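These notes concern the structure reproduced below.
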Amino acid sequence: MTSLLTFPKGGVHPSEAKNLTSGLAIEVMPIPDELEMILGQHIGAPCTPTVSIKDVVREGQVIAEVTKGLGVPLHAPVSGIIKGFGMSGHPMRVSAPSITIQTDHAAPAVEYAPSAWQGLSREDLLAKVHGAGIIGIGGAGFPSHVKLNPPPDNPVDTLILNGAECEPYITADHRQMLEHSREIVEGAKVILKILGIRNCHIGIESNKPDAIAVMTEAAATGSTGEYAITVDPLQVKYPQGSEKQLIQSITGRKVPGFALPSAVGVVVHNVSTTKAIYDAVVLGKPLYEKVMTISGKGIKRPANLRVKVGTRVSDIVAYLGGVTPELAKVIMGGPMMGFAVSSLDIPVTKTTSSVLFLAADEIDTTPHSPCIRCGWCLEACPMGLEPKEIALYVEAGRPQDTGQFGVFECFECGSCAYVCPAKRPLVQFVRLAKMKAKR
């Protein structure tokens, strides 16, 4: 591990705080009495319900689907009865349409058995991925079957699995790699067959030496003359797990602005998404469970949990013994890119990586002050943008003029806000600019 790969521009190294959960095996949370299934869990058109109130549904059954546009179906995580349709809390959109399922605890769990997939055609494999409702678990929820079908004018030669997990606190991918390395490698081979290529790189930050060792062994065992799978140790630097930065770290290729990774011959999938693809293709199991990290000094018992999609945060808190008196802020997602929430009555979606319960000494509540023109945000930005100018233009009432500073290329990693000595909410300024500006 003498030569660690990384991206050349910007980046920061926040306190990792992963020791709270990195050594905790994934545990299965008991199924709550009710689940709230948000209909828009992916990028694209929200799902339309295919069930009615009082319908009896079984675990794994399709309960909503996308009939027009980009999207994937939604499945019942449990057997039970459709209790109603309404609005559920959402960390970004405040509220979103949802289906409430009342759990039938007496119903037997569905058993899934592995089956051979090697003889299936590319089209059959893509249909299985789509039918199982697979989306990007580690990011914005882009439908996986679309990502696995890149434009023909962009030939792909490399698959990258993202095991960087560079956000502080979060250890869900780490535990997945330790406990399901074989399934992840098998899922990688499924993806390679769909793409019609042989080379796969698994990028893992060097602060996870146990995961590097386990995945290296699994990759060596799983590699064949047809598939070459290798592990690439990465330097610990945030945002190493960002798609464009990860591609540059491992391949040296730079994705042009506003372009997709396929423009440079690469497809990137999160390791947990790859495990979900294994489940879909090999086991025939839809995506309706989620491994997530619950951490911070504000929760009585931190854990890595496998929960049913639709589980309310309040049920997770009750299962883990409640919150501590020191709790100051609740964040869904990581501390760098997540969203603070004011209610625990918010359900977990397919893309929820973690819920953090942070104490006062884990957050900074210092009021922000005017920009002091130090330039630290420019140095930290991995995209080479100008966060300070975007913020100043927003404050001046000119968000429509921020395109010249790269506002639409920003993926809101938060590196700029992290280093700002004036504590300016630069990511919030960027989001406001995006909402009001026109490209």
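By convention in this document, the chains of the structure tokens carry letters A, B, ... by their order, each chain's residues are numbered from 1, and ligands are numbered from 1 in the order they are shown.
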If you count only C-alpha atoms, which residues fall within 10 Å of region 181-184 of chain A, apart from same-chain ones fewer than 4 positions away, as a VMD selection string? chain A and resid 161 175 to 177 188 to 190 211 214 to 219 221 to 222 270 to 279 282
Contacts of Glu165 (chain A) at 12 Å or less, counting only C-alpha atoms, minus same-chain residues fewer than 3 places along, as a ChimeraX atom specification? /A:16,18,22,138-139,161-162,168-177,202-208,211,234-243,246,270-272,293,333-334,353-354
If we count only C-alpha atoms and set the cut-off at 9 Å, which residues sit around Thr67 (chain A), ignoring sequence neighbours fewer than 3 positions away in its own chain? Please answer as a PyMOL selection string. chain A and resi 45+47-48+70-71
Okay, now the selection with C-alpha atoms, as a CSV table (one decimal), in the first residue's frame?
chain,number,residue,atom,x,y,z
A,45,ALA,CA,-40.6,10.3,-12.7
A,47,CYS,CA,-44.0,5.9,-9.1
A,48,THR,CA,-47.7,5.5,-9.5
A,70,LEU,CA,-37.2,7.4,-16.2
A,71,GLY,CA,-37.7,5.3,-13.1
Nearest-residue call for Phe405 (chain A), choices A:Pro73, A:Gly310, A:Pro209, A:Gly384, using only C-alpha atoms: A:Gly384
What parts of region 286-398 of chain A does DSSP call helix (DSSP H, G or I)? I'd like the answer as a list in words.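 Secondary structure check on region 286-398 of chain A, helix (DSSP H, G or I): Val313, Ser314, Asp315, Ile316, Val317, Ala318, Tyr319, Ala360, Asp361, Glu362, Trp376, Cys377, Leu378, Glu379, Ala380, Pro387, Lys388, Glu389, Ile390, Ala391, Leu392, Tyr393, Val394 and Glu395 of chain A.
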Export C-alpha atoms of the chosen residues as a CSV table (one decimal), in the first residue's frame?
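So the final result, stored in part_37.csv, reads:
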chain,number,residue,atom,x,y,z
A,313,VAL,CA,-36.4,7.2,11.9
A,314,SER,CA,-38.4,7.3,15.1
A,315,ASP,CA,-38.7,3.5,15.1
A,316,ILE,CA,-34.9,3.2,14.6
A,317,VAL,CA,-34.4,5.5,17.6
A,318,ALA,CA,-36.8,3.5,19.8
A,319,TYR,CA,-35.0,0.2,18.8
A,360,ALA,CA,-23.1,19.8,20.6
A,361,ASP,CA,-19.4,19.1,20.6
A,362,GLU,CA,-19.7,17.3,17.2
A,376,TRP,CA,-9.4,28.7,1.0
A,377,CYS,CA,-12.6,27.6,-0.6
A,378,LEU,CA,-11.0,27.9,-4.0
A,379,GLU,CA,-8.2,25.6,-2.9
A,380,ALA,CA,-10.5,23.1,-1.4
A,387,PRO,CA,-17.7,29.2,-4.2
A,388,LYS,CA,-17.0,32.6,-2.7
A,389,GLU,CA,-18.1,34.4,-5.8
A,390,ILE,CA,-21.3,32.3,-6.1
A,391,ALA,CA,-22.1,33.2,-2.5
A,392,LEU,CA,-21.4,36.9,-3.0
A,393,TYR,CA,-23.5,37.1,-6.1
A,394,VAL,CA,-26.4,35.3,-4.3
A,395,GLU,CA,-26.2,37.8,-1.4
Write down as a list in words the residues belonging to region 284-435 of chain A that are assigned strand (DSSP E) by DSSP computed on the backbone. Glu289, Lys290, Val291, Met292, Thr293, Ile294, Ser295, Ala303, Asn304, Leu305, Arg306, Val307, Lys308, Leu327, Ala328, Lys329, Val330, Ile331, Met332, Phe339, Ala340, Val341, Ser354, Val355, Leu356, Phe357, Leu358 and Ala359 of chain A
Write out the residues from the selection above, keeping N, CA and C atoms, as a PDB file, in the first residue's frame.
ATOM      1  N   GLU A 289     -34.625  -3.493   1.179  1.00  0.00           N
ATOM      2  CA  GLU A 289     -33.912  -3.404   2.451  1.00  0.00           C
ATOM      3  C   GLU A 289     -32.705  -2.492   2.275  1.00  0.00           C
ATOM      4  N   LYS A 290     -32.228  -1.953   3.366  1.00  0.00           N
ATOM      5  CA  LYS A 290     -31.150  -0.973   3.297  1.00  0.00           C
ATOM      6  C   LYS A 290     -30.200  -1.150   4.470  1.00  0.00           C
ATOM      7  N   VAL A 291     -28.909  -1.279   4.188  1.00  0.00           N
ATOM      8  CA  VAL A 291     -27.903  -1.259   5.254  1.00  0.00           C
ATOM      9  C   VAL A 291     -27.499   0.194   5.467  1.00  0.00           C
ATOM     10  N   MET A 292     -27.602   0.649   6.697  1.00  0.00           N
ATOM     11  CA  MET A 292     -27.297   2.048   6.984  1.00  0.00           C
ATOM     12  C   MET A 292     -26.618   2.174   8.340  1.00  0.00           C
ATOM     13  N   THR A 293     -25.893   3.265   8.502  1.00  0.00           N
ATOM     14  CA  THR A 293     -25.176   3.546   9.750  1.00  0.00           C
ATOM     15  C   THR A 293     -25.993   4.515  10.599  1.00  0.00           C
ATOM     16  N   ILE A 294     -26.143   4.179  11.866  1.00  0.00           N
ATOM     17  CA  ILE A 294     -26.762   5.082  12.845  1.00  0.00           C
ATOM     18  C   ILE A 294     -25.653   5.431  13.839  1.00  0.00           C
ATOM     19  N   SER A 295     -25.262   6.699  13.881  1.00  0.00           N
ATOM     20  CA  SER A 295     -24.078   7.040  14.669  1.00  0.00           C
ATOM     21  C   SER A 295     -24.192   8.426  15.278  1.00  0.00           C
ATOM     22  N   ALA A 303     -25.019   1.907  15.596  1.00  0.00           N
ATOM     23  CA  ALA A 303     -25.138   0.582  14.980  1.00  0.00           C
ATOM     24  C   ALA A 303     -25.065   0.691  13.463  1.00  0.00           C
ATOM     25  N   ASN A 304     -24.726  -0.437  12.829  1.00  0.00           N
ATOM     26  CA  ASN A 304     -24.940  -0.622  11.400  1.00  0.00           C
ATOM     27  C   ASN A 304     -26.149  -1.545  11.277  1.00  0.00           C
ATOM     28  N   LEU A 305     -27.230  -1.026  10.711  1.00  0.00           N
ATOM     29  CA  LEU A 305     -28.492  -1.756  10.688  1.00  0.00           C
ATOM     30  C   LEU A 305     -28.916  -2.119   9.272  1.00  0.00           C
ATOM     31  N   ARG A 306     -29.515  -3.307   9.143  1.00  0.00           N
ATOM     32  CA  ARG A 306     -30.254  -3.636   7.929  1.00  0.00           C
ATOM     33  C   ARG A 306     -31.728  -3.399   8.252  1.00  0.00           C
ATOM     34  N   VAL A 307     -32.310  -2.416   7.586  1.00  0.00           N
ATOM     35  CA  VAL A 307     -33.695  -2.043   7.874  1.00  0.00           C
ATOM     36  C   VAL A 307     -34.528  -2.171   6.602  1.00  0.00           C
ATOM     37  N   LYS A 308     -35.824  -2.297   6.787  1.00  0.00           N
ATOM     38  CA  LYS A 308     -36.742  -2.275   5.662  1.00  0.00           C
ATOM     39  C   LYS A 308     -36.884  -0.846   5.165  1.00  0.00           C
ATOM     40  N   LEU A 327     -27.884  15.414  22.556  1.00  0.00           N
ATOM     41  CA  LEU A 327     -28.276  15.553  21.147  1.00  0.00           C
ATOM     42  C   LEU A 327     -28.528  17.009  20.783  1.00  0.00           C
ATOM     43  N   ALA A 328     -27.890  17.446  19.679  1.00  0.00           N
ATOM     44  CA  ALA A 328     -28.051  18.822  19.223  1.00  0.00           C
ATOM     45  C   ALA A 328     -28.582  18.913  17.800  1.00  0.00           C
ATOM     46  N   LYS A 329     -28.309  17.895  16.968  1.00  0.00           N
ATOM     47  CA  LYS A 329     -28.751  17.955  15.572  1.00  0.00           C
ATOM     48  C   LYS A 329     -28.882  16.547  15.015  1.00  0.00           C
ATOM     49  N   VAL A 330     -29.909  16.341  14.181  1.00  0.00           N
ATOM     50  CA  VAL A 330     -30.111  15.066  13.492  1.00  0.00           C
ATOM     51  C   VAL A 330     -29.902  15.302  11.997  1.00  0.00           C
ATOM     52  N   ILE A 331     -29.067  14.481  11.393  1.00  0.00           N
ATOM     53  CA  ILE A 331     -28.753  14.624   9.966  1.00  0.00           C
ATOM     54  C   ILE A 331     -29.041  13.316   9.254  1.00  0.00           C
ATOM     55  N   MET A 332     -29.810  13.383   8.182  1.00  0.00           N
ATOM     56  CA  MET A 332     -30.000  12.215   7.324  1.00  0.00           C
ATOM     57  C   MET A 332     -28.970  12.288   6.212  1.00  0.00           C
ATOM     58  N   PHE A 339     -28.638  16.200   5.136  1.00  0.00           N
ATOM     59  CA  PHE A 339     -29.599  17.262   5.409  1.00  0.00           C
ATOM     60  C   PHE A 339     -30.049  17.179   6.863  1.00  0.00           C
ATOM     61  N   ALA A 340     -29.965  18.294   7.578  1.00  0.00           N
ATOM     62  CA  ALA A 340     -30.485  18.341   8.944  1.00  0.00           C
ATOM     63  C   ALA A 340     -31.997  18.262   8.897  1.00  0.00           C
ATOM     64  N   VAL A 341     -32.580  17.505   9.833  1.00  0.00           N
ATOM     65  CA  VAL A 341     -34.033  17.347   9.875  1.00  0.00           C
ATOM     66  C   VAL A 341     -34.536  17.740  11.260  1.00  0.00           C
ATOM     67  N   SER A 354     -27.278   6.897   6.029  1.00  0.00           N
ATOM     68  CA  SER A 354     -27.064   6.979   7.474  1.00  0.00           C
ATOM     69  C   SER A 354     -28.019   7.986   8.089  1.00  0.00           C
ATOM     70  N   VAL A 355     -28.174   7.882   9.397  1.00  0.00           N
ATOM     71  CA  VAL A 355     -28.813   8.935  10.183  1.00  0.00           C
ATOM     72  C   VAL A 355     -27.861   9.219  11.341  1.00  0.00           C
ATOM     73  N   LEU A 356     -27.457  10.475  11.462  1.00  0.00           N
ATOM     74  CA  LEU A 356     -26.488  10.864  12.481  1.00  0.00           C
ATOM     75  C   LEU A 356     -27.170  11.690  13.556  1.00  0.00           C
ATOM     76  N   PHE A 357     -26.880  11.336  14.802  1.00  0.00           N
ATOM     77  CA  PHE A 357     -27.410  12.052  15.961  1.00  0.00           C
ATOM     78  C   PHE A 357     -26.216  12.716  16.641  1.00  0.00           C
ATOM     79  N   LEU A 358     -26.010  13.984  16.321  1.00  0.00           N
ATOM     80  CA  LEU A 358     -24.784  14.664  16.718  1.00  0.00           C
ATOM     81  C   LEU A 358     -24.986  15.499  17.974  1.00  0.00           C
ATOM     82  N   ALA A 359     -24.023  15.380  18.875  1.00  0.00           N
ATOM     83  CA  ALA A 359     -24.015  16.172  20.105  1.00  0.00           C
ATOM     84  C   ALA A 359     -23.433  17.550  19.824  1.00  0.00           C
TER      85      ALA A 359
END
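Near Glu111 (chain A), within a cut-off of 12 Å and counting only C-alpha atoms, sit the residues Glu59, Gly60, Leu283, Gly284 and Lys285 of chain A, with same-chain residues fewer than 5 positions away left out.
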Take the residues just selected and output them with C-alpha atoms as an mmCIF file, in the first residue's frame.
data_model
loop_
_atom_site.group_PDB
_atom_site.id
_atom_site.type_symbol
_atom_site.label_atom_id
_atom_site.label_comp_id
_atom_site.auth_asym_id
_atom_site.auth_seq_id
_atom_site.Cartn_x
_atom_site.Cartn_y
_atom_site.Cartn_z
ATOM 1 C CA GLU A 59 -43.188 -9.179 0.641
ATOM 2 C CA GLY A 60 -41.463 -8.307 -2.632
ATOM 3 C CA LEU A 283 -31.464 -14.387 -5.845
ATOM 4 C CA GLY A 284 -34.368 -12.678 -7.606
ATOM 5 C CA LYS A 285 -34.750 -10.335 -4.620
#
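Minimum atom-to-atom distances from A:Lys436, A:His130, A:His180, A:Arg198 to Val156 (chain A) were compared using only C-alpha atoms, and the lowest value belongs to A:Arg198.
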